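Scroll down for the structure; my scribbles are underneath it.
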Number of protein chains: 2
Amino acid sequence: MASTTKRRSRPTLELADARHAGYFNIGQAAEATGVSAKMIRHYESIGLMPVADRTFSNYRIYSDNDIHTLRFIKRARTLGFSMKQIEALLGLWQERRRSSAQVKKLALQHVAELEQRIAEMQAMRDTLQGLATRCHGDDRPDCPILEDLSGAGGSCCAKGH
Amino acid sequence: MASTTKRRSRPTLELADARHAGYFNIGQAAEATGVSAKMIRHYESIGLMPVADRTFSNYRIYSDNDIHTLRFIKRARTLGFSMKQIEALLGLWQERRRSSAQVKKLALQHVAELEQRIAEMQAMRDTLQGLATRCHGDDRPDCPILEDLSGAGGSCCAKGH
DNA sequence: GCTTGACCTTTCCACGATGGTAGGGCCCAA
DNA sequence: TTGGGCCCTACCATCGTGGAAAGGTCAAGC
């Protein structure tokens, strides 16, 4: 697990005091970062976010630093990184001795994954587009799309009755 | 539910007799279609495949027709159709009075979904590729990738300590 | 016939990331 | 004090697939 899982040792406070001191509750953190309260709790439970401090009445409170981390996670999700990859990126982010080569490697790995998935989906699209172009799209039942699905050979039997 | 959910009324048999009569057990059906036994049972449970007939000893048996249907599903999955879409396609396939227009509409809907997802992933890839190109990838910690994730503004503070 | 190993059966759990809901407690303003 | 809105936990659902456990069946070799 990343170092983010370790507990902090902020003093426990009343919610009003915490707000005075510049802390946010989970709803405010969600609003400020675009990460739902639900997901903030989830990220804590899987160790992506540090265990949040609580007020006396058990409300989670978040510092500016936490907000910053949540924005980082949000941005990384938007770029399609997985939780595992984000965990690694967060580790590097918080690592003073990191080398940019490590970060670049992670990013390029993800680029390669994206390329892979893009290529797969383009192949699907091209096949379907080709079939659809050859389909009359009228009232008659004859359809090259169904013929393809029904056994790409073409010389095969016609089902449907 | 599609008409595929209705039971058939094939006579119950011993397994050996069923094989003689040209039926397959689930393992053979899986082998012949590339759909795992697990997924064949799953497709039955969600009504995508008809409820399979059984031997006396409760083994599922499959006809050539079933094999054909499984291949249809497999091919449609390969083209990225969802279960819901496949249910509709199977319905049309088995419908004598279908119009090819209905099939074409489904296919083009799916093409549009694919285009959408492709565009999203291309945007991710382009952004990341750009960031990675600007990253030295050496031993130093400075990294435009982390800077982007850490608050795309650029003029923002640097975390990491 | 009996043993053995491969197969079949069902049921439950897991993934990844997110949303929802239910039942309870807390906070703040009127 | 009361009410509405927020927070807490704990659970279930999604979607498609894989895995494992615990038990029954089949087929081949002895």
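Residues in the structure tokens are numbered from 1 in each chain, the chains being A, B, ... in the order shown, and ligands are numbered from 1 in the order shown.
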**Request:** Write out as JSON, numbers by chain each polymer residue whose atoms come within 12 Å of DT14 of chain D, counting only C-alpha atoms (C1' of nucleotides); drop sequence neighbours fewer than 3 positions from it.
**Result:** {"C": [16, 17, 18, 19, 20]}
With N, CA and C atoms (P, O5', C5', C4', C3', O3' and C1' of nucleotides) retained, export the selected residues as a PDB file, in the first residue's frame.
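Dumped to result36.pdb:
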ATOM      1  P    DG C  16      -9.778  -4.743  -9.237  1.00  0.00           P
ATOM      2  O5'  DG C  16      -9.995  -3.834 -10.528  1.00  0.00           O
ATOM      3  C5'  DG C  16     -11.107  -4.021 -11.379  1.00  0.00           C
ATOM      4  C4'  DG C  16     -11.521  -2.690 -11.953  1.00  0.00           C
ATOM      5  C3'  DG C  16     -11.296  -1.489 -11.031  1.00  0.00           C
ATOM      6  O3'  DG C  16     -11.210  -0.329 -11.822  1.00  0.00           O
ATOM      7  C1'  DG C  16     -13.604  -1.965 -11.152  1.00  0.00           C
ATOM      8  P    DA C  17     -10.640   0.960 -11.155  1.00  0.00           P
ATOM      9  O5'  DA C  17     -11.986   1.807 -11.013  1.00  0.00           O
ATOM     10  C5'  DA C  17     -12.636   2.245 -12.208  1.00  0.00           C
ATOM     11  C4'  DA C  17     -14.032   2.700 -11.890  1.00  0.00           C
ATOM     12  C3'  DA C  17     -14.126   3.783 -10.808  1.00  0.00           C
ATOM     13  O3'  DA C  17     -14.664   4.932 -11.434  1.00  0.00           O
ATOM     14  C1'  DA C  17     -15.780   2.101 -10.513  1.00  0.00           C
ATOM     15  P    DT C  18     -14.927   6.263 -10.689  1.00  0.00           P
ATOM     16  O5'  DT C  18     -16.462   6.123 -10.307  1.00  0.00           O
ATOM     17  C5'  DT C  18     -17.411   5.970 -11.343  1.00  0.00           C
ATOM     18  C4'  DT C  18     -18.727   5.491 -10.803  1.00  0.00           C
ATOM     19  C3'  DT C  18     -19.368   6.365  -9.732  1.00  0.00           C
ATOM     20  O3'  DT C  18     -20.206   7.325 -10.370  1.00  0.00           O
ATOM     21  C1'  DT C  18     -19.818   4.023  -9.473  1.00  0.00           C
ATOM     22  P    DG C  19     -21.094   8.300  -9.527  1.00  0.00           P
ATOM     23  O5'  DG C  19     -22.425   7.451  -9.269  1.00  0.00           O
ATOM     24  C5'  DG C  19     -23.125   6.911 -10.358  1.00  0.00           C
ATOM     25  C4'  DG C  19     -24.344   6.175  -9.847  1.00  0.00           C
ATOM     26  C3'  DG C  19     -25.141   6.977  -8.815  1.00  0.00           C
ATOM     27  O3'  DG C  19     -26.497   7.074  -9.238  1.00  0.00           O
ATOM     28  C1'  DG C  19     -24.690   4.783  -8.004  1.00  0.00           C
ATOM     29  P    DG C  20     -27.515   7.898  -8.356  1.00  0.00           P
ATOM     30  O5'  DG C  20     -28.228   6.819  -7.419  1.00  0.00           O
ATOM     31  C5'  DG C  20     -28.899   5.712  -7.996  1.00  0.00           C
ATOM     32  C4'  DG C  20     -29.344   4.761  -6.906  1.00  0.00           C
ATOM     33  C3'  DG C  20     -30.080   5.453  -5.749  1.00  0.00           C
ATOM     34  O3'  DG C  20     -31.428   5.012  -5.702  1.00  0.00           O
ATOM     35  C1'  DG C  20     -28.440   3.904  -4.957  1.00  0.00           C
TER      36       DG C  20
END
**Item:** Backbone DSSP call of strand (DSSP E) for chain A, listed as number ranges by chain
**Value:** A: 24-25, 53-54, 60-62
Please produce a file of the residues just selected, as a PDB file, in the first residue's frame, where the atoms kept are N, CA, C and O atoms.
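Contents of out22.pdb, as written:
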ATOM      1  N   PHE A  24     -12.630  21.241   5.449  1.00  0.00           N
ATOM      2  CA  PHE A  24     -13.881  21.036   4.731  1.00  0.00           C
ATOM      3  C   PHE A  24     -14.543  19.769   5.229  1.00  0.00           C
ATOM      4  O   PHE A  24     -13.850  18.824   5.625  1.00  0.00           O
ATOM      5  N   ASN A  25     -15.841  19.729   5.201  1.00  0.00           N
ATOM      6  CA  ASN A  25     -16.486  18.430   5.421  1.00  0.00           C
ATOM      7  C   ASN A  25     -16.602  17.727   4.068  1.00  0.00           C
ATOM      8  O   ASN A  25     -16.238  18.284   3.024  1.00  0.00           O
ATOM      9  N   ASP A  53      -9.278  12.471   9.125  1.00  0.00           N
ATOM     10  CA  ASP A  53      -9.551  12.796  10.522  1.00  0.00           C
ATOM     11  C   ASP A  53     -11.039  13.058  10.685  1.00  0.00           C
ATOM     12  O   ASP A  53     -11.750  13.287   9.716  1.00  0.00           O
ATOM     13  N   ARG A  54     -11.464  13.016  11.950  1.00  0.00           N
ATOM     14  CA  ARG A  54     -12.893  13.170  12.222  1.00  0.00           C
ATOM     15  C   ARG A  54     -13.111  14.229  13.289  1.00  0.00           C
ATOM     16  O   ARG A  54     -12.255  14.471  14.131  1.00  0.00           O
ATOM     17  N   ARG A  60     -16.025  13.296   8.779  1.00  0.00           N
ATOM     18  CA  ARG A  60     -14.699  13.430   8.161  1.00  0.00           C
ATOM     19  C   ARG A  60     -14.394  14.900   7.881  1.00  0.00           C
ATOM     20  O   ARG A  60     -15.279  15.653   7.473  1.00  0.00           O
ATOM     21  N   ILE A  61     -13.147  15.290   8.072  1.00  0.00           N
ATOM     22  CA  ILE A  61     -12.727  16.645   7.695  1.00  0.00           C
ATOM     23  C   ILE A  61     -11.501  16.570   6.792  1.00  0.00           C
ATOM     24  O   ILE A  61     -10.682  15.654   6.913  1.00  0.00           O
ATOM     25  N   TYR A  62     -11.437  17.536   5.873  1.00  0.00           N
ATOM     26  CA  TYR A  62     -10.405  17.532   4.839  1.00  0.00           C
ATOM     27  C   TYR A  62      -9.671  18.862   4.800  1.00  0.00           C
ATOM     28  O   TYR A  62     -10.290  19.927   4.901  1.00  0.00           O
TER      29      TYR A  62
END
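If you measure from each of B:Arg134, B:Lys84, B:Arg97, B:Arg71 to chain D using only C-alpha atoms (C1' of nucleotides), the closest one turns out to be B:Lys84.
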**Request:** Enumerate as a ChimeraX atom specification the residues belonging to chain C that approach chain B to within 9 Å, with only C-alpha atoms (C1' of nucleotides) taken into account.
**Result:** /C:7-9
How would the residues just picked look written out with C-alpha atoms (C1' of nucleotides) as a PDB file, in the first residue's frame?
ATOM      1  C1'  DC C   7     -16.657 -33.637 -16.515  1.00  0.00           C
ATOM      2  C1'  DC C   8     -21.232 -31.844 -15.012  1.00  0.00           C
ATOM      3  C1'  DT C   9     -24.343 -29.566 -11.434  1.00  0.00           C
TER       4       DT C   9
END
**Message:** With 10 Å as the limit and counting only C-alpha atoms (C1' of nucleotides), what residues in chain B lie close to chain D? Please list them as a list of chain:residue names.
**Reply:** B:Leu15, B:Ala16, B:Ser36, B:Lys38, B:Met39, B:His42, B:Ser57, B:Asn58, B:Tyr59, B:Ser82, B:Met83
**Message:** What's the separation between atom CA of Thr78 of chain A and atom CA of Ala76 of chain B, in Å to one decimal place?
**Reply:** 29.1 Å
**6 Å contacts from chain A to chain B using only C-alpha atoms, as a list in words** = Phe72, Arg75, Leu79, Trp93, Gln94, Glu95, Arg96, Arg98, Ser99, Ser100, Ala101, Lys104, Val111, Ile118, Met124, Arg125, Ala132, Gly137, Asp138, Asp139, Arg140, Pro141, Cys143, Leu149, Ser150 and Gly160 of chain A
Next, write the just-selected residues to a file, as a short mmCIF file (atom, residue, chain, number, x, y, z; two decimals), in the first residue's frame, keeping N, CA, C and O atoms as the atom set.
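So part-v6.cif came out as:
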data_model
loop_
_atom_site.label_atom_id
_atom_site.label_comp_id
_atom_site.auth_asym_id
_atom_site.auth_seq_id
_atom_site.Cartn_x
_atom_site.Cartn_y
_atom_site.Cartn_z
N PHE A 72 -6.17 15.79 -7.93
CA PHE A 72 -5.19 14.97 -8.67
C PHE A 72 -5.85 13.66 -9.13
O PHE A 72 -5.77 13.27 -10.29
N ARG A 75 -8.46 14.26 -11.88
CA ARG A 75 -7.83 14.52 -13.18
C ARG A 75 -7.28 13.23 -13.78
O ARG A 75 -7.44 12.96 -14.97
N LEU A 79 -8.31 11.18 -17.24
CA LEU A 79 -7.39 10.74 -18.28
C LEU A 79 -7.39 9.21 -18.42
O LEU A 79 -6.59 8.65 -19.16
N TRP A 93 4.08 11.30 -6.97
CA TRP A 93 3.82 12.72 -6.74
C TRP A 93 4.36 13.14 -5.36
O TRP A 93 4.93 14.20 -5.21
N GLN A 94 4.16 12.23 -4.42
CA GLN A 94 4.55 12.58 -3.05
C GLN A 94 5.98 12.20 -2.74
O GLN A 94 6.45 12.39 -1.62
N GLU A 95 6.65 11.68 -3.73
CA GLU A 95 8.03 11.20 -3.53
C GLU A 95 9.00 12.29 -3.96
O GLU A 95 9.02 12.68 -5.13
N ARG A 96 9.81 12.76 -3.05
CA ARG A 96 10.74 13.82 -3.41
C ARG A 96 11.79 13.30 -4.40
O ARG A 96 12.20 14.00 -5.31
N ARG A 98 11.67 11.08 -6.68
CA ARG A 98 11.20 10.42 -7.91
C ARG A 98 12.04 10.85 -9.11
O ARG A 98 12.64 11.94 -9.10
N SER A 99 12.03 10.02 -10.13
CA SER A 99 12.60 10.42 -11.41
C SER A 99 11.44 10.60 -12.38
O SER A 99 10.49 9.81 -12.37
N SER A 100 11.51 11.59 -13.21
CA SER A 100 10.42 11.80 -14.16
C SER A 100 10.32 10.62 -15.12
O SER A 100 9.26 10.38 -15.71
N ALA A 101 11.41 9.86 -15.25
CA ALA A 101 11.37 8.68 -16.12
C ALA A 101 10.31 7.69 -15.65
O ALA A 101 9.61 7.08 -16.46
N LYS A 104 6.92 9.06 -16.63
CA LYS A 104 6.74 8.96 -18.07
C LYS A 104 6.44 7.54 -18.49
O LYS A 104 5.58 7.28 -19.34
N VAL A 111 -0.87 5.07 -22.31
CA VAL A 111 -1.09 5.44 -23.71
C VAL A 111 -1.18 4.18 -24.57
O VAL A 111 -2.08 4.05 -25.42
N ILE A 118 -8.44 1.48 -28.40
CA ILE A 118 -8.92 2.27 -29.53
C ILE A 118 -8.91 1.42 -30.80
O ILE A 118 -9.89 1.39 -31.56
N MET A 124 -14.02 -2.95 -34.61
CA MET A 124 -15.46 -3.24 -34.49
C MET A 124 -16.26 -2.24 -35.33
O MET A 124 -17.15 -2.62 -36.09
N ARG A 125 -15.95 -0.98 -35.15
CA ARG A 125 -16.70 0.05 -35.87
C ARG A 125 -16.60 -0.14 -37.38
O ARG A 125 -17.59 -0.09 -38.09
N ALA A 132 -23.23 -2.35 -42.31
CA ALA A 132 -24.41 -1.48 -42.35
C ALA A 132 -24.53 -0.82 -43.73
O ALA A 132 -25.64 -0.63 -44.24
N GLY A 137 -31.59 -1.59 -45.48
CA GLY A 137 -32.32 -0.80 -44.50
C GLY A 137 -33.73 -0.50 -44.94
O GLY A 137 -34.23 0.60 -44.76
N ASP A 138 -34.38 -1.50 -45.54
CA ASP A 138 -35.77 -1.30 -45.96
C ASP A 138 -36.67 -2.31 -45.26
O ASP A 138 -36.32 -2.84 -44.22
N ASP A 139 -37.84 -2.58 -45.88
CA ASP A 139 -38.80 -3.47 -45.22
C ASP A 139 -38.48 -4.95 -45.40
O ASP A 139 -39.07 -5.79 -44.72
N ARG A 140 -37.57 -5.24 -46.29
CA ARG A 140 -37.28 -6.65 -46.55
C ARG A 140 -36.41 -7.24 -45.44
O ARG A 140 -35.63 -6.52 -44.80
N PRO A 141 -36.51 -8.53 -45.21
CA PRO A 141 -35.78 -9.16 -44.10
C PRO A 141 -34.31 -9.42 -44.42
O PRO A 141 -33.53 -9.64 -43.50
N CYS A 143 -30.57 -9.24 -44.77
CA CYS A 143 -29.71 -8.31 -44.06
C CYS A 143 -28.30 -8.86 -43.92
O CYS A 143 -28.10 -9.87 -43.25
N LEU A 149 -23.42 -12.12 -38.53
CA LEU A 149 -23.51 -12.64 -37.16
C LEU A 149 -23.84 -14.12 -37.17
O LEU A 149 -23.36 -14.89 -36.36
N SER A 150 -24.64 -14.50 -38.14
CA SER A 150 -25.15 -15.86 -38.21
C SER A 150 -24.16 -16.82 -38.83
O SER A 150 -24.55 -17.84 -39.38
N GLY A 160 -33.92 -18.38 -38.93
CA GLY A 160 -35.02 -17.44 -38.84
C GLY A 160 -36.37 -18.05 -39.14
O GLY A 160 -37.34 -17.37 -39.38
#
